[in-house]
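Scroll down for the structure; my scribbles are underneath it.
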Amino acid sequence: MTTATPRLKRARSFRALEPTRGGLVVRYIWLSIAAVLCFFPFYAMVVLSLKPGLAVQFPQSLLPWNLSTASYEQVLGGQNLLVWLGNTLIYAIVSVVAVLLLSAMAGYAFAKKRFRGKETMFWSFLAMVMVPFHVTLIPTFIVLAKLGGVDTYWGLILPTLANAQAVFLMRQFIEGLPDDLFEAARIDGAGEFRIFLTIVLPLCKPVLATLGIFIFLWHWNDFLWPLIMAKSSDMWTLTVGIASLQQQNVPLSVMLAGSVVALVPIFFAYVVAQRYVQEGVTSAGIKG
């Protein structure tokens with residue numbers, strides 16, 4: 001009587017873990033239901049935005065008939081949506097670039113450099129995570145108001161650049177990079193700035209893309225800080241501007257049209273960086 005080889009045993013164990021045909025059907029059904037539930041709010045927002053001047057009646061209003069782009073024409077033509085969109089793009093893109101650059105530099109210093117008080121400085125900086133933003137909101141506004149930062153882009157962007165979560169994630173990622181790369185670069189005569197540009201940043205593309213998506217979403221959807229810092233309507237972001245439409249008795253379809261316009265850049269930003277986000281999740285899973 002022959003015994004099975006270890007490879008054959010492993011193959012049999014893997015086959016035993018494979019789901020049955022009935023299990024696959026149930027899984028696909030549940031995933032389909034979850035996909036429909038996640039997609040439904042976006043579908044309803046788009047369809048209702050294309051039905052101006054009609055009373056909302058369920059489920060008749062959700063049927064894709066009698067569609068019109070009048071709400072989008074009103075939003076793009078009559079409101080300051082393009083100005084708000086430009087302010088939001090400046091606020092989000094400049095903040096993303098600055099936060100990623102600063103957090104990558106700080107993460108590299110905390111991960112690979114040796115200096116006195118490094119651990120104390122790092123954990124003191126990380127302790128900012130435990131301080132709610134609302135606690136420092138009024139003191140930050142007072143300081144920026146005295147410096148003339150109200151109703152300016154730099155006053156809107158500057159307080160958001162110190163991101164402790166981004167520094168922590170960059171430090172953890174760079175800490176896992178092999179030290180031989182940096183030693184070989186120093187032997188070849190590369191300076192710290194060249195090492196950072198040619199080694200650290202290229203190897204950190206997945207985590208930078210992942211962080212960039214989350215930082216972009218945070219700034220794009222930020223409401224409280226832009227509301228406080230922007231006094232004139234010409235400095236409002238999309239979240240503040242769309243919220244102001246509720247006080248103007250604007251029809252629901254117009255508000256939803258503005259929300260759809262605000263959603264489009266987020267969608268394209270994720271599509272562009274999706275590959276890097278997947279690489280970041282995969283590399284994090286392999287390291288874990």
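Chains: A, B, ... in order of the structure tokens. Residues: from 1 per chain. Ligands: from 1, in order shown.
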Extract, using only C-alpha atoms, all DNA, RNA and protein residues at most 12 Å from range 131-143 of chain A, discarding same-chain residues fewer than 4 positions from it, and format them as a PyMOL selection string.
-> chain A and resi 124-127+147-151+155-156+158-160+162-164+224-230
Please identify all polymer residues within 10 Å of Pro251 in chain A, counting only C-alpha atoms, omitting same-chain residues fewer than 4 positions from it, and present them as a short mmCIF file (atom, residue, chain, number, x, y, z; two decimals) with all heavy atoms, in the first residue's frame.
data_model
loop_
_atom_site.label_atom_id
_atom_site.label_comp_id
_atom_site.auth_asym_id
_atom_site.auth_seq_id
_atom_site.Cartn_x
_atom_site.Cartn_y
_atom_site.Cartn_z
N SER A 49 -30.77 64.22 -11.22
CA SER A 49 -30.20 65.48 -11.71
C SER A 49 -30.61 65.77 -13.15
O SER A 49 -30.54 66.92 -13.60
CB SER A 49 -28.68 65.45 -11.60
OG SER A 49 -28.12 64.50 -12.51
N PRO A 52 -35.19 67.90 -14.24
CA PRO A 52 -35.47 69.19 -13.58
C PRO A 52 -36.96 69.52 -13.61
O PRO A 52 -37.68 69.16 -14.54
CB PRO A 52 -34.68 70.19 -14.44
CG PRO A 52 -34.63 69.54 -15.79
CD PRO A 52 -34.55 68.07 -15.55
N GLY A 53 -37.40 70.20 -12.56
CA GLY A 53 -38.77 70.70 -12.50
C GLY A 53 -39.83 69.66 -12.25
O GLY A 53 -41.01 69.96 -12.36
N LEU A 54 -39.44 68.43 -11.92
CA LEU A 54 -40.40 67.36 -11.67
C LEU A 54 -40.38 66.98 -10.20
O LEU A 54 -39.32 66.96 -9.57
CB LEU A 54 -40.09 66.13 -12.53
CG LEU A 54 -40.15 66.33 -14.05
CD1 LEU A 54 -39.78 65.04 -14.77
CD2 LEU A 54 -41.54 66.81 -14.48
N SER A 71 -30.56 71.21 -15.84
CA SER A 71 -29.96 71.47 -14.53
C SER A 71 -28.46 71.70 -14.65
O SER A 71 -27.90 72.58 -13.98
CB SER A 71 -30.24 70.29 -13.59
OG SER A 71 -31.63 70.15 -13.37
N LEU A 245 -26.22 76.42 -1.78
CA LEU A 245 -27.38 76.37 -2.67
C LEU A 245 -28.66 76.02 -1.92
O LEU A 245 -29.75 76.38 -2.34
CB LEU A 245 -27.14 75.35 -3.79
CG LEU A 245 -25.99 75.65 -4.75
CD1 LEU A 245 -25.86 74.54 -5.79
CD2 LEU A 245 -26.18 77.00 -5.43
N GLN A 246 -28.52 75.31 -0.79
CA GLN A 246 -29.71 74.97 0.00
C GLN A 246 -30.38 76.20 0.57
O GLN A 246 -31.59 76.23 0.77
CB GLN A 246 -29.32 74.00 1.12
CG GLN A 246 -28.80 72.66 0.63
CD GLN A 246 -28.41 71.75 1.78
OE1 GLN A 246 -28.35 72.16 2.93
NE2 GLN A 246 -28.16 70.50 1.47
N MET A 255 -28.94 70.95 -7.38
CA MET A 255 -27.98 70.55 -6.37
C MET A 255 -27.33 69.22 -6.70
O MET A 255 -26.12 69.03 -6.55
CB MET A 255 -28.67 70.47 -5.00
CG MET A 255 -29.13 71.79 -4.44
SD MET A 255 -29.80 71.62 -2.78
CE MET A 255 -28.41 70.90 -1.94
N LEU A 256 -28.14 68.28 -7.20
CA LEU A 256 -27.59 66.97 -7.58
C LEU A 256 -26.68 67.10 -8.79
O LEU A 256 -25.68 66.37 -8.89
CB LEU A 256 -28.73 66.00 -7.86
CG LEU A 256 -29.58 65.60 -6.65
CD1 LEU A 256 -30.70 64.66 -7.07
CD2 LEU A 256 -28.72 64.96 -5.57
#
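Comparing the minimum interatomic distances between Lys51 in chain A and each of A:Ser244, A:Ser103, A:Gln172, A:Ser253, counting only C-alpha atoms, we find that A:Ser253 sits nearest.
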Using only C-alpha atoms, determine which residues lie at most 7 Å from range 104-121 of chain A, disregarding the query and same-chain residues fewer than 4 positions distant; provide the list as a PyMOL selection string.
-> chain A and resi 100+125+167-168+170-171+174-175
May I have the selected residues written with C-alpha atoms, as a compact mmCIF listing (two decimals), in the first residue's frame?
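Once written, result_25.txt looks like this:
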# COMPACT_ATOMS: atom_id res chain seq x y z
CA LEU A 100 3.41 63.82 -0.24
CA PHE A 125 4.85 64.31 16.08
CA VAL A 167 4.55 60.69 7.80
CA PHE A 168 3.92 57.50 9.78
CA MET A 170 5.93 56.77 4.70
CA ARG A 171 8.31 56.00 7.54
CA ILE A 174 10.76 53.33 3.72
CA GLU A 175 11.97 51.45 6.78
Taking the chain letters and numbering used in this document, name the residues of range 96-185 of chain A that DSSP puts in helix (DSSP H, G or I), as a ChimeraX atom specification.
-> /A:96-112,118-130,137-146,153-160,164-175,179-185
Measuring atom to atom with only C-alpha atoms, identify which of A:Ile90, A:Val96, A:Val83, A:Leu263 is nearest to Ala209 in chain A.
->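 Of A:Ile90, A:Val96, A:Val83, A:Leu263, the one nearest Ala209 in chain A is A:Val96, counting only C-alpha atoms.
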Quick one: residues within 12 Å of Leu81 in chain A, only C-alpha atoms counted, chain neighbours fewer than 6 positions away excluded, as a ChimeraX atom specification?
-> /A:72-75,87-88,233-245,254-255,257-262
Go ahead and write the residues just picked, N, CA, C and O atoms, as a short mmCIF file (atom, residue, chain, number, x, y, z; two decimals), in the first residue's frame.
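Output saved as part.cif:
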data_model
loop_
_atom_site.label_atom_id
_atom_site.label_comp_id
_atom_site.auth_asym_id
_atom_site.auth_seq_id
_atom_site.Cartn_x
_atom_site.Cartn_y
_atom_site.Cartn_z
N TYR A 72 -27.81 70.93 -15.51
CA TYR A 72 -26.37 71.11 -15.70
C TYR A 72 -26.08 72.45 -16.38
O TYR A 72 -25.08 73.10 -16.05
N GLU A 73 -26.92 72.84 -17.31
CA GLU A 73 -26.74 74.14 -17.95
C GLU A 73 -26.91 75.27 -16.96
O GLU A 73 -26.18 76.27 -16.99
N GLN A 74 -27.87 75.11 -16.03
CA GLN A 74 -28.08 76.14 -15.03
C GLN A 74 -26.92 76.20 -14.05
O GLN A 74 -26.48 77.29 -13.65
N VAL A 75 -26.40 75.03 -13.67
CA VAL A 75 -25.28 75.00 -12.72
C VAL A 75 -24.02 75.59 -13.34
O VAL A 75 -23.33 76.42 -12.74
N ASN A 87 -11.17 76.53 -7.31
CA ASN A 87 -10.64 76.66 -5.94
C ASN A 87 -10.40 75.29 -5.31
O ASN A 87 -9.38 75.09 -4.63
N THR A 88 -11.31 74.37 -5.54
CA THR A 88 -11.16 73.04 -4.97
C THR A 88 -9.99 72.30 -5.59
O THR A 88 -9.24 71.59 -4.89
N SER A 233 -17.56 84.50 -1.60
CA SER A 233 -18.01 83.38 -2.42
C SER A 233 -17.00 83.02 -3.51
O SER A 233 -17.01 81.90 -4.01
N ASP A 234 -16.13 83.96 -3.86
CA ASP A 234 -15.12 83.67 -4.89
C ASP A 234 -14.02 82.75 -4.38
O ASP A 234 -13.24 82.23 -5.19
N MET A 235 -13.94 82.53 -3.07
CA MET A 235 -12.94 81.63 -2.50
C MET A 235 -13.56 80.35 -1.97
O MET A 235 -12.88 79.52 -1.38
N TRP A 236 -14.85 80.16 -2.16
CA TRP A 236 -15.50 78.94 -1.70
C TRP A 236 -15.01 77.73 -2.49
O TRP A 236 -14.68 77.83 -3.68
N THR A 237 -15.01 76.59 -1.83
CA THR A 237 -14.78 75.33 -2.51
C THR A 237 -16.13 74.72 -2.89
O THR A 237 -17.19 75.27 -2.58
N LEU A 238 -16.09 73.58 -3.57
CA LEU A 238 -17.34 72.96 -4.04
C LEU A 238 -18.25 72.57 -2.89
O LEU A 238 -19.47 72.74 -2.98
N THR A 239 -17.67 72.03 -1.83
CA THR A 239 -18.52 71.59 -0.71
C THR A 239 -19.25 72.78 -0.08
O THR A 239 -20.44 72.69 0.23
N VAL A 240 -18.55 73.89 0.09
CA VAL A 240 -19.18 75.08 0.68
C VAL A 240 -20.18 75.68 -0.30
O VAL A 240 -21.28 76.10 0.09
N GLY A 241 -19.82 75.74 -1.59
CA GLY A 241 -20.71 76.33 -2.57
C GLY A 241 -21.99 75.54 -2.75
O GLY A 241 -23.09 76.11 -2.81
N ILE A 242 -21.87 74.21 -2.83
CA ILE A 242 -23.07 73.37 -3.00
C ILE A 242 -23.95 73.45 -1.76
O ILE A 242 -25.19 73.47 -1.86
N ALA A 243 -23.33 73.52 -0.58
CA ALA A 243 -24.12 73.66 0.65
C ALA A 243 -24.86 74.99 0.68
O ALA A 243 -25.97 75.09 1.21
N SER A 244 -24.26 76.03 0.09
CA SER A 244 -24.93 77.34 0.07
C SER A 244 -26.16 77.35 -0.83
O SER A 244 -27.04 78.20 -0.67
N LEU A 245 -26.22 76.42 -1.78
CA LEU A 245 -27.38 76.37 -2.67
C LEU A 245 -28.66 76.02 -1.92
O LEU A 245 -29.75 76.38 -2.34
N VAL A 254 -30.78 70.70 -9.47
CA VAL A 254 -29.60 71.55 -9.64
C VAL A 254 -28.53 71.19 -8.62
O VAL A 254 -27.34 71.13 -8.94
N MET A 255 -28.94 70.95 -7.38
CA MET A 255 -27.98 70.55 -6.37
C MET A 255 -27.33 69.22 -6.70
O MET A 255 -26.12 69.03 -6.55
N ALA A 257 -27.01 68.00 -9.70
CA ALA A 257 -26.13 68.23 -10.85
C ALA A 257 -24.77 68.76 -10.39
O ALA A 257 -23.72 68.34 -10.89
N GLY A 258 -24.78 69.66 -9.43
CA GLY A 258 -23.52 70.14 -8.88
C GLY A 258 -22.74 69.03 -8.18
O GLY A 258 -21.50 68.97 -8.27
N SER A 259 -23.44 68.14 -7.50
CA SER A 259 -22.77 67.02 -6.85
C SER A 259 -22.15 66.06 -7.87
O SER A 259 -21.06 65.52 -7.65
N VAL A 260 -22.84 65.86 -8.99
CA VAL A 260 -22.28 64.99 -10.04
C VAL A 260 -21.01 65.61 -10.62
O VAL A 260 -20.01 64.91 -10.84
N VAL A 261 -21.04 66.91 -10.87
CA VAL A 261 -19.85 67.59 -11.38
C VAL A 261 -18.70 67.48 -10.39
O VAL A 261 -17.54 67.29 -10.78
N ALA A 262 -19.00 67.57 -9.09
CA ALA A 262 -17.96 67.44 -8.07
C ALA A 262 -17.43 66.02 -7.97
O ALA A 262 -16.29 65.80 -7.55
#
Name the residues in contact with Phe182 in chain A at a cut-off of 12 Å, using only C-alpha atoms, excluding same-chain residues fewer than 2 positions from it; report them as a list in words.
->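 So the residues in contact are Tyr108, Ala111, Lys112, Lys113, Ile174, Glu175, Leu177, Pro178, Asp179, Asp180, Ala184, Ala185, Arg186, Ile187, Asp188, Gly189, Ala190, Gly191, Glu192, Phe193, Arg194, Ile195, Phe196, Leu197, Thr198, Ile199 and Val200 of chain A.
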Selected residues written out, C-alpha atoms, as a PDB file, in the first residue's frame:
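Generated file (selection_35.pdb):
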ATOM      1  CA  TYR A 108      13.038  59.024   4.884  1.00  0.00           C
ATOM      2  CA  ALA A 111      13.477  55.684   8.750  1.00  0.00           C
ATOM      3  CA  LYS A 112      17.062  55.816   7.469  1.00  0.00           C
ATOM      4  CA  LYS A 113      18.866  58.694   9.181  1.00  0.00           C
ATOM      5  CA  ILE A 174      10.765  53.330   3.719  1.00  0.00           C
ATOM      6  CA  GLU A 175      11.975  51.451   6.776  1.00  0.00           C
ATOM      7  CA  LEU A 177      13.602  49.211   1.968  1.00  0.00           C
ATOM      8  CA  PRO A 178      17.008  47.460   2.000  1.00  0.00           C
ATOM      9  CA  ASP A 179      19.867  49.506   3.419  1.00  0.00           C
ATOM     10  CA  ASP A 180      22.239  48.102   0.772  1.00  0.00           C
ATOM     11  CA  ALA A 184      25.748  51.499  -2.617  1.00  0.00           C
ATOM     12  CA  ALA A 185      24.479  54.920  -3.708  1.00  0.00           C
ATOM     13  CA  ARG A 186      26.640  56.678  -1.099  1.00  0.00           C
ATOM     14  CA  ILE A 187      29.697  54.673  -2.174  1.00  0.00           C
ATOM     15  CA  ASP A 188      29.073  55.831  -5.751  1.00  0.00           C
ATOM     16  CA  GLY A 189      29.146  59.413  -4.527  1.00  0.00           C
ATOM     17  CA  ALA A 190      25.421  60.210  -4.500  1.00  0.00           C
ATOM     18  CA  GLY A 191      24.265  62.864  -2.088  1.00  0.00           C
ATOM     19  CA  GLU A 192      21.205  62.646   0.135  1.00  0.00           C
ATOM     20  CA  PHE A 193      19.071  64.750  -2.179  1.00  0.00           C
ATOM     21  CA  ARG A 194      19.972  62.570  -5.185  1.00  0.00           C
ATOM     22  CA  ILE A 195      19.304  59.396  -3.172  1.00  0.00           C
ATOM     23  CA  PHE A 196      15.907  60.759  -2.225  1.00  0.00           C
ATOM     24  CA  LEU A 197      14.992  61.624  -5.812  1.00  0.00           C
ATOM     25  CA  THR A 198      16.414  58.576  -7.597  1.00  0.00           C
ATOM     26  CA  ILE A 199      15.873  55.794  -5.039  1.00  0.00           C
ATOM     27  CA  VAL A 200      13.322  56.708  -2.398  1.00  0.00           C
TER      28      VAL A 200
END
Which residue of A:Thr152, A:Gln274, A:Gln247, A:Thr69 approaches Pro206 in chain A most closely, using only C-alpha atoms |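 Among A:Thr152, A:Gln274, A:Gln247, A:Thr69, it is A:Gln274 that comes nearest to Pro206 in chain A.
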Looking at A:Arg21, A:His219, A:Arg27, A:Lys205, which one is nearest to Ser95 in chain A, with distances taken over only C-alpha atoms?
->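 Ranking A:Arg21, A:His219, A:Arg27, A:Lys205 by distance to Ser95 in chain A, first place goes to A:His219.
Between CA of Ile266 in chain A and CA of Val250 in chain A there is a distance of 24.2 Å.
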